[in-house]
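Okay, target-v1.pdb is below, PDB, C-alpha atoms, pLDDT in the B column:
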ATOM      1  CA  MET A   1     232.512-188.501  62.830  1.00 94.00           C
ATOM      2  CA  LYS A   2     230.101-185.744  63.732  1.00 95.00           C
ATOM      3  CA  PHE A   3     227.135-184.773  61.548  1.00 96.00           C
ATOM      4  CA  ILE A   4     227.403-181.199  60.268  1.00 97.00           C
ATOM      5  CA  LYS A   5     224.197-179.215  60.044  1.00 95.00           C
ATOM      6  CA  LYS A   6     224.639-176.840  57.119  1.00 96.00           C
ATOM      7  CA  GLY A   7     223.074-173.398  56.950  1.00 95.00           C
ATOM      8  CA  ASP A   8     222.639-170.899  54.128  1.00 94.00           C
ATOM      9  CA  ALA A   9     225.479-170.012  51.807  1.00 94.00           C
ATOM     10  CA  ASP A  10     227.092-166.597  52.107  1.00 91.00           C
ATOM     11  CA  GLU A  11     226.311-164.038  49.428  1.00 90.00           C
ATOM     12  CA  GLY A  12     229.729-164.215  47.777  1.00 90.00           C
ATOM     13  CA  LEU A  13     229.400-167.943  47.178  1.00 93.00           C
ATOM     14  CA  LEU A  14     225.889-167.592  45.754  1.00 92.00           C
ATOM     15  CA  LYS A  15     227.180-165.164  43.115  1.00 92.00           C
ATOM     16  CA  GLN A  16     229.721-167.616  41.716  1.00 94.00           C
ATOM     17  CA  PRO A  17     229.040-169.131  38.269  1.00 92.00           C
ATOM     18  CA  THR A  18     228.137-172.813  37.946  1.00 96.00           C
ATOM     19  CA  PRO A  19     230.937-174.705  36.145  1.00 96.00           C
ATOM     20  CA  ARG A  20     229.824-177.416  33.721  1.00 95.00           C
ATOM     21  CA  SER A  21     233.159-179.210  33.260  1.00 97.00           C
ATOM     22  CA  TYR A  22     236.021-180.296  35.520  1.00 97.00           C
ATOM     23  CA  LYS A  23     238.412-177.930  33.744  1.00 97.00           C
ATOM     24  CA  LYS A  24     236.070-174.966  34.274  1.00 97.00           C
ATOM     25  CA  ALA A  25     235.514-176.019  37.893  1.00 97.00           C
ATOM     26  CA  LYS A  26     239.261-176.095  38.644  1.00 96.00           C
ATOM     27  CA  GLU A  27     239.776-172.700  37.048  1.00 96.00           C
ATOM     28  CA  ALA A  28     236.790-171.127  38.798  1.00 96.00           C
ATOM     29  CA  TRP A  29     237.779-172.535  42.188  1.00 96.00           C
ATOM     30  CA  ALA A  30     241.378-171.330  41.784  1.00 94.00           C
ATOM     31  CA  ARG A  31     240.074-167.817  41.067  1.00 94.00           C
ATOM     32  CA  PHE A  32     237.714-167.972  44.045  1.00 94.00           C
ATOM     33  CA  LYS A  33     240.521-168.992  46.439  1.00 92.00           C
ATOM     34  CA  LYS A  34     242.479-165.887  45.406  1.00 91.00           C
ATOM     35  CA  LYS A  35     239.534-163.632  46.295  1.00 87.00           C
ATOM     36  CA  THR A  36     240.508-163.518  49.957  1.00 87.00           C
ATOM     37  CA  ARG A  37     237.430-161.752  51.313  1.00 90.00           C
ATOM     38  CA  LYS A  38     234.921-164.013  49.540  1.00 90.00           C
ATOM     39  CA  ARG A  39     236.897-167.177  50.306  1.00 92.00           C
ATOM     40  CA  ASP A  40     237.248-166.268  53.973  1.00 93.00           C
ATOM     41  CA  ALA A  41     233.520-165.521  54.272  1.00 95.00           C
ATOM     42  CA  THR A  42     232.746-169.049  53.087  1.00 96.00           C
ATOM     43  CA  LEU A  43     235.494-170.482  55.269  1.00 96.00           C
ATOM     44  CA  ASP A  44     234.219-168.688  58.374  1.00 96.00           C
ATOM     45  CA  LYS A  45     230.671-169.902  57.762  1.00 97.00           C
ATOM     46  CA  CYS A  46     231.841-173.510  57.454  1.00 97.00           C
ATOM     47  CA  LEU A  47     234.070-173.202  60.537  1.00 97.00           C
ATOM     48  CA  THR A  48     231.105-171.947  62.550  1.00 97.00           C
ATOM     49  CA  GLU A  49     228.925-174.852  61.362  1.00 97.00           C
ATOM     50  CA  GLN A  50     231.659-177.305  62.364  1.00 97.00           C
ATOM     51  CA  PHE A  51     232.431-175.652  65.711  1.00 97.00           C
ATOM     52  CA  HIS A  52     236.040-175.281  64.494  1.00 97.00           C
ATOM     53  CA  ILE A  53     236.883-178.996  64.325  1.00 98.00           C
ATOM     54  CA  CYS A  54     237.934-180.875  61.184  1.00 98.00           C
ATOM     55  CA  ALA A  55     234.962-182.331  59.331  1.00 98.00           C
ATOM     56  CA  TYR A  56     236.644-185.732  58.977  1.00 98.00           C
ATOM     57  CA  SER A  57     239.222-186.188  61.747  1.00 98.00           C
ATOM     58  CA  GLU A  58     237.710-183.869  64.390  1.00 98.00           C
ATOM     59  CA  ILE A  59     241.035-182.373  65.397  1.00 97.00           C
ATOM     60  CA  LYS A  60     241.034-178.670  66.296  1.00 96.00           C
ATOM     61  CA  LEU A  61     241.403-176.490  63.209  1.00 96.00           C
ATOM     62  CA  GLU A  62     244.280-174.100  63.827  1.00 90.00           C
ATOM     63  CA  LYS A  63     246.132-172.001  61.260  1.00 86.00           C
ATOM     64  CA  GLN A  64     249.382-171.958  63.211  1.00 77.00           C
ATOM     65  CA  LYS A  65     249.718-175.756  63.199  1.00 84.00           C
ATOM     66  CA  LEU A  66     248.687-177.908  60.219  1.00 91.00           C
ATOM     67  CA  GLY A  67     246.313-175.296  58.863  1.00 94.00           C
ATOM     68  CA  TYR A  68     243.115-176.201  56.997  1.00 95.00           C
ATOM     69  CA  HIS A  69     241.364-175.955  53.653  1.00 95.00           C
ATOM     70  CA  ILE A  70     237.873-175.983  52.165  1.00 97.00           C
ATOM     71  CA  ASP A  71     237.132-179.474  50.890  1.00 97.00           C
ATOM     72  CA  HIS A  72     234.513-180.632  48.398  1.00 98.00           C
ATOM     73  CA  VAL A  73     232.708-183.693  49.774  1.00 98.00           C
ATOM     74  CA  ILE A  74     231.739-184.559  46.211  1.00 98.00           C
ATOM     75  CA  PRO A  75     234.926-183.709  44.273  1.00 97.00           C
ATOM     76  CA  LYS A  76     234.934-181.175  41.464  1.00 97.00           C
ATOM     77  CA  LYS A  77     235.826-183.806  38.906  1.00 96.00           C
ATOM     78  CA  VAL A  78     232.770-185.899  39.880  1.00 97.00           C
ATOM     79  CA  LYS A  79     230.234-183.062  39.970  1.00 97.00           C
ATOM     80  CA  PRO A  80     231.743-179.809  38.683  1.00 97.00           C
ATOM     81  CA  ASN A  81     228.355-178.101  39.024  1.00 97.00           C
ATOM     82  CA  PHE A  82     228.607-178.639  42.819  1.00 97.00           C
ATOM     83  CA  THR A  83     231.848-176.628  43.055  1.00 97.00           C
ATOM     84  CA  PHE A  84     230.132-173.638  44.699  1.00 97.00           C
ATOM     85  CA  GLU A  85     227.330-175.540  46.417  1.00 97.00           C
ATOM     86  CA  HIS A  86     227.539-174.640  50.114  1.00 97.00           C
ATOM     87  CA  ASN A  87     226.010-177.985  51.101  1.00 97.00           C
ATOM     88  CA  ASN A  88     228.997-179.687  49.474  1.00 98.00           C
ATOM     89  CA  LEU A  89     231.704-177.716  51.301  1.00 98.00           C
ATOM     90  CA  VAL A  90     233.399-178.562  54.596  1.00 98.00           C
ATOM     91  CA  VAL A  91     236.657-177.549  56.243  1.00 98.00           C
ATOM     92  CA  SER A  92     239.319-180.231  56.549  1.00 97.00           C
ATOM     93  CA  ALA A  93     242.631-180.154  58.407  1.00 96.00           C
ATOM     94  CA  ILE A  94     245.959-179.526  56.633  1.00 94.00           C
ATOM     95  CA  ASP A  95     246.269-176.605  54.246  1.00 92.00           C
ATOM     96  CA  ASP A  96     247.715-176.719  50.744  1.00 86.00           C
ATOM     97  CA  VAL A  97     251.141-175.576  51.967  1.00 84.00           C
ATOM     98  CA  HIS A  98     251.583-177.854  54.994  1.00 83.00           C
ATOM     99  CA  VAL A  99     250.479-180.978  53.108  1.00 85.00           C
ATOM    100  CA  ARG A 100     253.712-180.844  51.113  1.00 79.00           C
ATOM    101  CA  GLY A 101     255.694-181.273  54.312  1.00 81.00           C
ATOM    102  CA  VAL A 102     253.683-184.236  55.638  1.00 84.00           C
ATOM    103  CA  ILE A 103     254.837-187.713  54.600  1.00 84.00           C
ATOM    104  CA  ARG A 104     252.290-189.406  52.362  1.00 84.00           C
ATOM    105  CA  GLU A 105     251.349-192.099  54.884  1.00 87.00           C
ATOM    106  CA  GLU A 106     250.418-189.445  57.460  1.00 92.00           C
ATOM    107  CA  VAL A 107     248.183-187.219  55.295  1.00 95.00           C
ATOM    108  CA  PHE A 108     244.552-187.506  56.377  1.00 96.00           C
ATOM    109  CA  GLY A 109     241.162-185.938  55.706  1.00 97.00           C
ATOM    110  CA  GLY A 110     240.314-184.191  52.449  1.00 96.00           C
ATOM    111  CA  HIS A 111     243.862-184.278  51.103  1.00 96.00           C
ATOM    112  CA  SER A 112     243.945-188.027  51.713  1.00 96.00           C
ATOM    113  CA  LYS A 113     240.744-188.872  49.816  1.00 96.00           C
ATOM    114  CA  GLY A 114     241.596-186.451  47.006  1.00 93.00           C
ATOM    115  CA  GLY A 115     239.247-186.992  44.072  1.00 94.00           C
ATOM    116  CA  TRP A 116     237.824-190.259  45.396  1.00 97.00           C
ATOM    117  CA  TYR A 117     234.066-190.505  45.844  1.00 97.00           C
ATOM    118  CA  LEU A 118     231.537-193.347  45.828  1.00 96.00           C
ATOM    119  CA  GLU A 119     228.046-192.090  46.572  1.00 94.00           C
ATOM    120  CA  LYS A 120     226.774-195.300  48.190  1.00 94.00           C
ATOM    121  CA  ALA A 121     229.981-196.110  50.054  1.00 97.00           C
ATOM    122  CA  PHE A 122     231.435-192.852  51.369  1.00 98.00           C
ATOM    123  CA  ILE A 123     230.394-192.120  54.959  1.00 98.00           C
ATOM    124  CA  HIS A 124     230.795-188.368  55.292  1.00 97.00           C
ATOM    125  CA  PRO A 125     229.792-185.728  57.881  1.00 97.00           C
ATOM    126  CA  LEU A 126     226.956-184.340  55.755  1.00 97.00           C
ATOM    127  CA  LYS A 127     225.207-187.714  55.870  1.00 95.00           C
ATOM    128  CA  ASP A 128     222.739-187.999  58.735  1.00 91.00           C
ATOM    129  CA  GLY A 129     223.650-190.957  60.948  1.00 92.00           C
ATOM    130  CA  CYS A 130     227.338-190.888  59.986  1.00 96.00           C
ATOM    131  CA  SER A 131     228.385-191.062  63.652  1.00 93.00           C
ATOM    132  CA  ASN A 132     226.818-194.526  63.989  1.00 95.00           C
ATOM    133  CA  TYR A 133     229.340-196.039  61.573  1.00 97.00           C
ATOM    134  CA  LEU A 134     232.497-195.596  63.628  1.00 97.00           C
ATOM    135  CA  THR A 135     233.723-196.787  67.023  1.00 96.00           C
ATOM    136  CA  TYR A 136     236.810-195.729  68.953  1.00 97.00           C
ATOM    137  CA  ASN A 137     239.171-197.829  71.040  1.00 96.00           C
ATOM    138  CA  THR A 138     239.968-195.992  74.255  1.00 94.00           C
ATOM    139  CA  SER A 139     243.267-197.727  74.988  1.00 94.00           C
ATOM    140  CA  SER A 140     244.728-197.722  71.462  1.00 96.00           C
ATOM    141  CA  GLY A 141     243.162-194.610  69.913  1.00 96.00           C
ATOM    142  CA  LEU A 142     242.207-196.567  66.788  1.00 98.00           C
ATOM    143  CA  VAL A 143     238.950-195.970  64.938  1.00 98.00           C
ATOM    144  CA  SER A 144     237.081-198.919  63.407  1.00 98.00           C
ATOM    145  CA  SER A 145     233.732-199.841  61.888  1.00 98.00           C
ATOM    146  CA  ASN A 146     230.758-200.385  64.164  1.00 97.00           C
ATOM    147  CA  GLU A 147     230.409-204.176  64.454  1.00 96.00           C
ATOM    148  CA  LYS A 148     226.723-203.818  65.350  1.00 96.00           C
ATOM    149  CA  LEU A 149     225.975-202.720  61.788  1.00 97.00           C
ATOM    150  CA  PRO A 150     225.252-205.123  58.899  1.00 97.00           C
ATOM    151  CA  LYS A 151     228.378-206.361  57.118  1.00 97.00           C
ATOM    152  CA  ARG A 152     227.741-204.237  54.019  1.00 97.00           C
ATOM    153  CA  GLU A 153     227.603-201.102  56.183  1.00 98.00           C
ATOM    154  CA  GLN A 154     230.793-202.111  58.002  1.00 98.00           C
ATOM    155  CA  VAL A 155     232.538-202.379  54.643  1.00 98.00           C
ATOM    156  CA  LYS A 156     231.513-198.775  53.860  1.00 98.00           C
ATOM    157  CA  ALA A 157     232.902-197.620  57.194  1.00 98.00           C
ATOM    158  CA  CYS A 158     236.205-199.458  56.670  1.00 98.00           C
ATOM    159  CA  LEU A 159     236.583-198.001  53.189  1.00 98.00           C
ATOM    160  CA  THR A 160     235.883-194.502  54.495  1.00 98.00           C
ATOM    161  CA  ILE A 161     238.419-194.906  57.320  1.00 98.00           C
ATOM    162  CA  ARG A 162     241.046-196.013  54.801  1.00 98.00           C
ATOM    163  CA  LYS A 163     240.335-193.292  52.243  1.00 98.00           C
ATOM    164  CA  LEU A 164     240.380-190.540  54.878  1.00 98.00           C
ATOM    165  CA  ASN A 165     243.334-192.205  56.659  1.00 98.00           C
ATOM    166  CA  LEU A 166     241.641-191.752  60.027  1.00 98.00           C
ATOM    167  CA  ASN A 167     244.130-194.169  61.581  1.00 98.00           C
ATOM    168  CA  SER A 168     247.228-192.212  60.632  1.00 96.00           C
ATOM    169  CA  ASN A 169     249.830-192.393  63.394  1.00 95.00           C
ATOM    170  CA  TYR A 170     249.388-188.686  64.043  1.00 94.00           C
ATOM    171  CA  LEU A 171     245.647-189.004  64.678  1.00 96.00           C
ATOM    172  CA  VAL A 172     245.840-192.271  66.608  1.00 97.00           C
ATOM    173  CA  LEU A 173     248.375-190.904  69.085  1.00 96.00           C
ATOM    174  CA  LYS A 174     246.417-187.698  69.671  1.00 96.00           C
ATOM    175  CA  ARG A 175     243.140-189.618  69.983  1.00 97.00           C
ATOM    176  CA  LYS A 176     244.667-192.125  72.394  1.00 97.00           C
ATOM    177  CA  ASN A 177     246.068-189.447  74.693  1.00 97.00           C
ATOM    178  CA  VAL A 178     242.727-187.649  74.867  1.00 97.00           C
ATOM    179  CA  LEU A 179     240.612-190.772  75.403  1.00 97.00           C
ATOM    180  CA  VAL A 180     242.864-192.423  77.997  1.00 97.00           C
ATOM    181  CA  SER A 181     242.862-189.238  80.052  1.00 97.00           C
ATOM    182  CA  LEU A 182     239.106-188.721  79.722  1.00 97.00           C
ATOM    183  CA  ASN A 183     238.340-192.334  80.587  1.00 97.00           C
ATOM    184  CA  LYS A 184     240.246-191.975  83.871  1.00 96.00           C
ATOM    185  CA  GLU A 185     238.253-188.855  84.714  1.00 96.00           C
ATOM    186  CA  ILE A 186     234.936-190.571  83.929  1.00 96.00           C
ATOM    187  CA  LEU A 187     235.820-193.580  86.097  1.00 96.00           C
ATOM    188  CA  ASN A 188     236.732-191.217  88.911  1.00 94.00           C
ATOM    189  CA  PHE A 189     233.345-189.490  88.645  1.00 94.00           C
ATOM    190  CA  LEU A 190     231.522-192.837  88.598  1.00 93.00           C
ATOM    191  CA  LYS A 191     233.343-193.897  91.725  1.00 93.00           C
ATOM    192  CA  ASN A 192     233.261-190.688  93.752  1.00 92.00           C
ATOM    193  CA  ASN A 193     230.626-188.349  92.336  1.00 92.00           C
ATOM    194  CA  PRO A 194     228.263-190.042  89.819  1.00 93.00           C
ATOM    195  CA  ALA A 195     225.587-187.363  90.232  1.00 93.00           C
ATOM    196  CA  GLU A 196     227.933-184.828  88.613  1.00 94.00           C
ATOM    197  CA  LEU A 197     228.853-186.952  85.579  1.00 96.00           C
ATOM    198  CA  GLU A 198     226.281-185.284  83.319  1.00 95.00           C
ATOM    199  CA  ASN A 199     227.617-181.826  84.165  1.00 96.00           C
ATOM    200  CA  PHE A 200     231.127-183.073  83.453  1.00 97.00           C
ATOM    201  CA  ALA A 201     229.901-184.405  80.083  1.00 97.00           C
ATOM    202  CA  ARG A 202     228.519-180.963  79.253  1.00 96.00           C
ATOM    203  CA  GLU A 203     231.880-179.434  80.073  1.00 96.00           C
ATOM    204  CA  LYS A 204     233.641-181.836  77.713  1.00 96.00           C
ATOM    205  CA  LEU A 205     231.076-182.075  74.904  1.00 97.00           C
ATOM    206  CA  LEU A 206     229.483-178.666  74.514  1.00 97.00           C
ATOM    207  CA  PRO A 207     231.180-175.755  72.713  1.00 96.00           C
ATOM    208  CA  LYS A 208     233.003-172.947  74.441  1.00 95.00           C
ATOM    209  CA  ASN A 209     232.884-169.652  72.543  1.00 95.00           C
ATOM    210  CA  GLY A 210     231.428-171.533  69.575  1.00 95.00           C
ATOM    211  CA  GLN A 211     234.239-174.092  69.471  1.00 96.00           C
ATOM    212  CA  LEU A 212     234.293-177.783  70.348  1.00 97.00           C
ATOM    213  CA  ASP A 213     237.270-179.578  71.814  1.00 96.00           C
ATOM    214  CA  PRO A 214     238.855-182.198  69.506  1.00 97.00           C
ATOM    215  CA  PHE A 215     237.490-185.738  69.013  1.00 97.00           C
ATOM    216  CA  PHE A 216     233.912-184.903  69.937  1.00 97.00           C
ATOM    217  CA  SER A 217     232.446-188.170  68.588  1.00 96.00           C
ATOM    218  CA  ALA A 218     234.942-190.403  70.380  1.00 97.00           C
ATOM    219  CA  LYS A 219     234.327-188.566  73.652  1.00 97.00           C
ATOM    220  CA  LYS A 220     230.560-188.751  73.202  1.00 96.00           C
ATOM    221  CA  LYS A 221     230.712-192.533  72.842  1.00 95.00           C
ATOM    222  CA  LEU A 222     232.899-192.775  75.927  1.00 95.00           C
ATOM    223  CA  PHE A 223     230.177-191.068  77.966  1.00 96.00           C
ATOM    224  CA  GLY A 224     227.579-193.556  76.688  1.00 94.00           C
ATOM    225  CA  ARG A 225     223.907-192.625  77.126  1.00 95.00           C
ATOM    226  CA  ILE A 226     224.790-189.425  78.956  1.00 96.00           C
ATOM    227  CA  GLY A 227     226.966-188.411  76.013  1.00 95.00           C
ATOM    228  CA  GLU A 228     224.109-188.998  73.567  1.00 94.00           C
ATOM    229  CA  LYS A 229     221.778-186.934  75.734  1.00 94.00           C
ATOM    230  CA  VAL A 230     224.166-184.003  76.083  1.00 95.00           C
ATOM    231  CA  ALA A 231     225.106-184.050  72.375  1.00 93.00           C
ATOM    232  CA  LYS A 232     221.469-183.361  71.424  1.00 90.00           C
ATOM    233  CA  GLU A 233     221.854-179.907  72.938  1.00 90.00           C
ATOM    234  CA  LEU A 234     224.132-178.990  70.026  1.00 85.00           C
ATOM    235  CA  PHE A 235     221.199-179.085  67.603  1.00 76.00           C
ATOM    236  CA  LYS A 236     218.626-177.207  69.666  1.00 67.00           C
TER     237      LYS A 236
END

Since I need it in another form, could you write the structure as structure tokens?
Amino acid sequence: MKFIKKGDADEGLLKQPTPRSYKKAKEAWARFKKKTRKRDATLDKCLTEQFHICAYSEIKLEKQKLGYHIDHVIPKKVKPNFTFEHNNLVVSAIDDVHVRGVIREEVFGGHSKGGWYLEKAFIHPLKDGCSNYLTYNTSSGLVSSNEKLPKREQVKACLTIRKLNLNSNYLVLKRKNVLVSLNKEILNFLKNNPAELENFAREKLLPKNGQLDPFFSAKKKLFGRIGEKVAKELFK
């Protein structure tokens, strides 16, 4: 999971009223989603901040495939007054139409967690250090908690993985294919051209035209210290 550095809210979002109840929040958000220009301005800002990858799963966000939606990290029913808070909004894979065609066990990201939220337990991409909580198995594509963390922190990671369904078959297969292929390329560089490994890491980890390739965090960990070094360039 990659930390998302949020910027300023767009003007249209700032002009929205602050709901004080869940009912008012649902109604206000439904109206906002119908205002295409204002909604898309917020969506575009979030997409730019995320380099066009899903905030939770890190797959590429593409309208023509699963689509995507704006997700509230802290759900409207928990904090209705945060409904139009830019620092509470991220873009998650699967739009409201496509989710109806995905079997329940395969839904992941914002639609998977729904209205669930535990402030002290949810590891989310707006929390600094979130990337330290998860590890990725190159051969299987599975994501798990970081065993180097204290047990209580591992429990938070496991709960987050389950609530976001980050080990859905769909994600695991895609993650596995990407990581197995990348691992072979890295081993080839280490064997034949180690001096060029850092440049290769830049090619794989840095954005092209403002967009990252999928599974940034898993790839970064695969590159080890070089990956950590290159990733810092994203926040310069």

Might you spell out which residues the PyMOL selection byres ((chain A and resi 124) around 12) would select in the displayed file, as a ChimeraX atom specification?
-> /A:1-4,54-57,71-74,88-90,92,109-110,113,117-123,125-134,156-157,159-161,163-164

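Evaluated against the shown file, the PyMOL selection byres ((chain A and resi 96) around 9) gives Gly67, Tyr68, His69, Ile94, Asp95, Val97, His98, Val99, Arg100 and His111 of chain A.
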
Quick one: which residues end up in the PyMOL selection byres ((chain A and resi 221) around 12) for this structure, as an NGL selection string?
-> :A and (1-2 or 131-138 or 143 or 146 or 179 or 182-183 or 201 or 205 or 215-220 or 222-231)

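In this comparison, which uses all atoms listed in the file, the residue of A:Lys45, A:Lys79, A:Arg39, A:Lys60 approaching Tyr22 (chain A) most closely is A:Lys79.
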
Kindly give the distance, in Å, that separates CA of Ile53 (chain A) and CA of Pro17 (chain A), rounded to a single decimal.
-> 28.9 Å

Point out the residue among A:Val155, A:Leu166, A:Gly210, A:Asn192 with the least atom-to-atom distance to Leu234 (chain A), counting only C-alpha atoms.
->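 Once distances to Leu234 (chain A) are computed over only C-alpha atoms, the minimum belongs to A:Gly210.
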
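Our summary of the geometry notes that CA of Glu49 (chain A) is positioned 7.5 Å from CA of Gly7 (chain A).
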
Spatial neighbours of Asp8 (chain A), max dist 9 Å, only C-alpha atoms, sep filter under 2 positions, as a CSV table (one decimal) with C-alpha atoms, keeping the file's coordinate frame:
chain,number,residue,atom,x,y,z
A,6,LYS,CA,224.6,-176.8,57.1
A,10,ASP,CA,227.1,-166.6,52.1
A,45,LYS,CA,230.7,-169.9,57.8
A,86,HIS,CA,227.5,-174.6,50.1
A,87,ASN,CA,226.0,-178.0,51.1

Hey, what's within 9 Å of Glu85 (chain A) if we count all atoms listed in the file and toss same-chain stuff fewer than 3 positions away? As an MDAnalysis selection string, please?
-> chainID A and resid 9 13:14 18 81:82 88:89

Interatomic distance, CA of Val172 (chain A) to CA of Leu61 (chain A) (Å, one decimal) =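 Separation between CA of Val172 (chain A) and CA of Leu61 (chain A): 16.7 Å.
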
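Using all atoms listed in the file, the nearest neighbour of Glu11 (chain A) within the list A:Pro75, A:Phe84, A:Lys63, A:Glu153 is A:Phe84.
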
When distances are computed from all atoms listed in the file, which of A:Arg31, A:Lys26, A:Lys76, A:Leu212 shows the smallest separation from Gly114 (chain A)?
-> A:Lys76

Adding 6 Å on each side of the box along x, y and z that holds all listed atoms of region 201-205 of chain A, could you give its centre and edge lengths in Å to one decimal, as lines of an AutoDock Vina configuration file?
center_x = 231.1
center_y = -181.9
center_z = 77.5
size_x = 17.1
size_y = 17.0
size_z = 17.2

Reconstruct N, CA and C atoms of region 180-200 of chain A from the incomplete input and present them as a PDB file, in the frame of the given file.
ATOM      1  N   VAL A 180     242.347-191.790  76.775  1.00 97.00           N
ATOM      2  CA  VAL A 180     242.864-192.423  77.997  1.00 97.00           C
ATOM      3  C   VAL A 180     242.679-191.487  79.187  1.00 97.00           C
ATOM      4  N   SER A 181     243.006-190.226  78.987  1.00 97.00           N
ATOM      5  CA  SER A 181     242.862-189.238  80.052  1.00 97.00           C
ATOM      6  C   SER A 181     241.396-189.045  80.444  1.00 97.00           C
ATOM      7  N   LEU A 182     240.530-188.923  79.439  1.00 97.00           N
ATOM      8  CA  LEU A 182     239.106-188.721  79.722  1.00 97.00           C
ATOM      9  C   LEU A 182     238.489-189.929  80.405  1.00 97.00           C
ATOM     10  N   ASN A 183     238.888-191.115  79.990  1.00 97.00           N
ATOM     11  CA  ASN A 183     238.340-192.334  80.587  1.00 97.00           C
ATOM     12  C   ASN A 183     238.666-192.402  82.086  1.00 97.00           C
ATOM     13  N   LYS A 184     239.863-191.991  82.451  1.00 96.00           N
ATOM     14  CA  LYS A 184     240.246-191.975  83.871  1.00 96.00           C
ATOM     15  C   LYS A 184     239.372-191.001  84.660  1.00 96.00           C
ATOM     16  N   GLU A 185     239.088-189.859  84.043  1.00 96.00           N
ATOM     17  CA  GLU A 185     238.253-188.855  84.714  1.00 96.00           C
ATOM     18  C   GLU A 185     236.818-189.360  84.891  1.00 96.00           C
ATOM     19  N   ILE A 186     236.298-190.031  83.855  1.00 96.00           N
ATOM     20  CA  ILE A 186     234.936-190.571  83.929  1.00 96.00           C
ATOM     21  C   ILE A 186     234.843-191.629  85.026  1.00 96.00           C
ATOM     22  N   LEU A 187     235.812-192.529  85.071  1.00 96.00           N
ATOM     23  CA  LEU A 187     235.820-193.580  86.097  1.00 96.00           C
ATOM     24  C   LEU A 187     235.895-192.973  87.501  1.00 96.00           C
ATOM     25  N   ASN A 188     236.627-191.897  87.623  1.00 94.00           N
ATOM     26  CA  ASN A 188     236.732-191.217  88.911  1.00 94.00           C
ATOM     27  C   ASN A 188     235.388-190.620  89.334  1.00 94.00           C
ATOM     28  N   PHE A 189     234.673-190.038  88.356  1.00 94.00           N
ATOM     29  CA  PHE A 189     233.345-189.490  88.645  1.00 94.00           C
ATOM     30  C   PHE A 189     232.378-190.602  89.036  1.00 94.00           C
ATOM     31  N   LEU A 190     232.423-191.722  88.313  1.00 93.00           N
ATOM     32  CA  LEU A 190     231.522-192.837  88.598  1.00 93.00           C
ATOM     33  C   LEU A 190     231.756-193.396  90.000  1.00 93.00           C
ATOM     34  N   LYS A 191     232.995-193.355  90.416  1.00 93.00           N
ATOM     35  CA  LYS A 191     233.343-193.897  91.725  1.00 93.00           C
ATOM     36  C   LYS A 191     233.028-192.921  92.861  1.00 93.00           C
ATOM     37  N   ASN A 192     233.332-191.653  92.654  1.00 92.00           N
ATOM     38  CA  ASN A 192     233.261-190.688  93.752  1.00 92.00           C
ATOM     39  C   ASN A 192     232.119-189.678  93.682  1.00 92.00           C
ATOM     40  N   ASN A 193     231.649-189.395  92.459  1.00 92.00           N
ATOM     41  CA  ASN A 193     230.626-188.349  92.336  1.00 92.00           C
ATOM     42  C   ASN A 193     229.750-188.576  91.109  1.00 92.00           C
ATOM     43  N   PRO A 194     229.046-189.705  91.015  1.00 93.00           N
ATOM     44  CA  PRO A 194     228.263-190.042  89.819  1.00 93.00           C
ATOM     45  C   PRO A 194     227.176-189.024  89.480  1.00 93.00           C
ATOM     46  N   ALA A 195     226.651-188.343  90.474  1.00 93.00           N
ATOM     47  CA  ALA A 195     225.587-187.363  90.232  1.00 93.00           C
ATOM     48  C   ALA A 195     226.063-186.194  89.377  1.00 93.00           C
ATOM     49  N   GLU A 196     227.385-185.959  89.363  1.00 94.00           N
ATOM     50  CA  GLU A 196     227.933-184.828  88.613  1.00 94.00           C
ATOM     51  C   GLU A 196     228.466-185.214  87.235  1.00 94.00           C
ATOM     52  N   LEU A 197     228.301-186.489  86.857  1.00 96.00           N
ATOM     53  CA  LEU A 197     228.853-186.952  85.579  1.00 96.00           C
ATOM     54  C   LEU A 197     228.236-186.229  84.388  1.00 96.00           C
ATOM     55  N   GLU A 198     226.925-185.964  84.445  1.00 95.00           N
ATOM     56  CA  GLU A 198     226.281-185.284  83.319  1.00 95.00           C
ATOM     57  C   GLU A 198     226.814-183.860  83.155  1.00 95.00           C
ATOM     58  N   ASN A 199     227.044-183.171  84.249  1.00 96.00           N
ATOM     59  CA  ASN A 199     227.617-181.826  84.165  1.00 96.00           C
ATOM     60  C   ASN A 199     229.035-181.869  83.607  1.00 96.00           C
ATOM     61  N   PHE A 200     229.771-182.903  83.987  1.00 97.00           N
ATOM     62  CA  PHE A 200     231.127-183.073  83.453  1.00 97.00           C
ATOM     63  C   PHE A 200     231.074-183.337  81.944  1.00 97.00           C
TER      64      PHE A 200
END
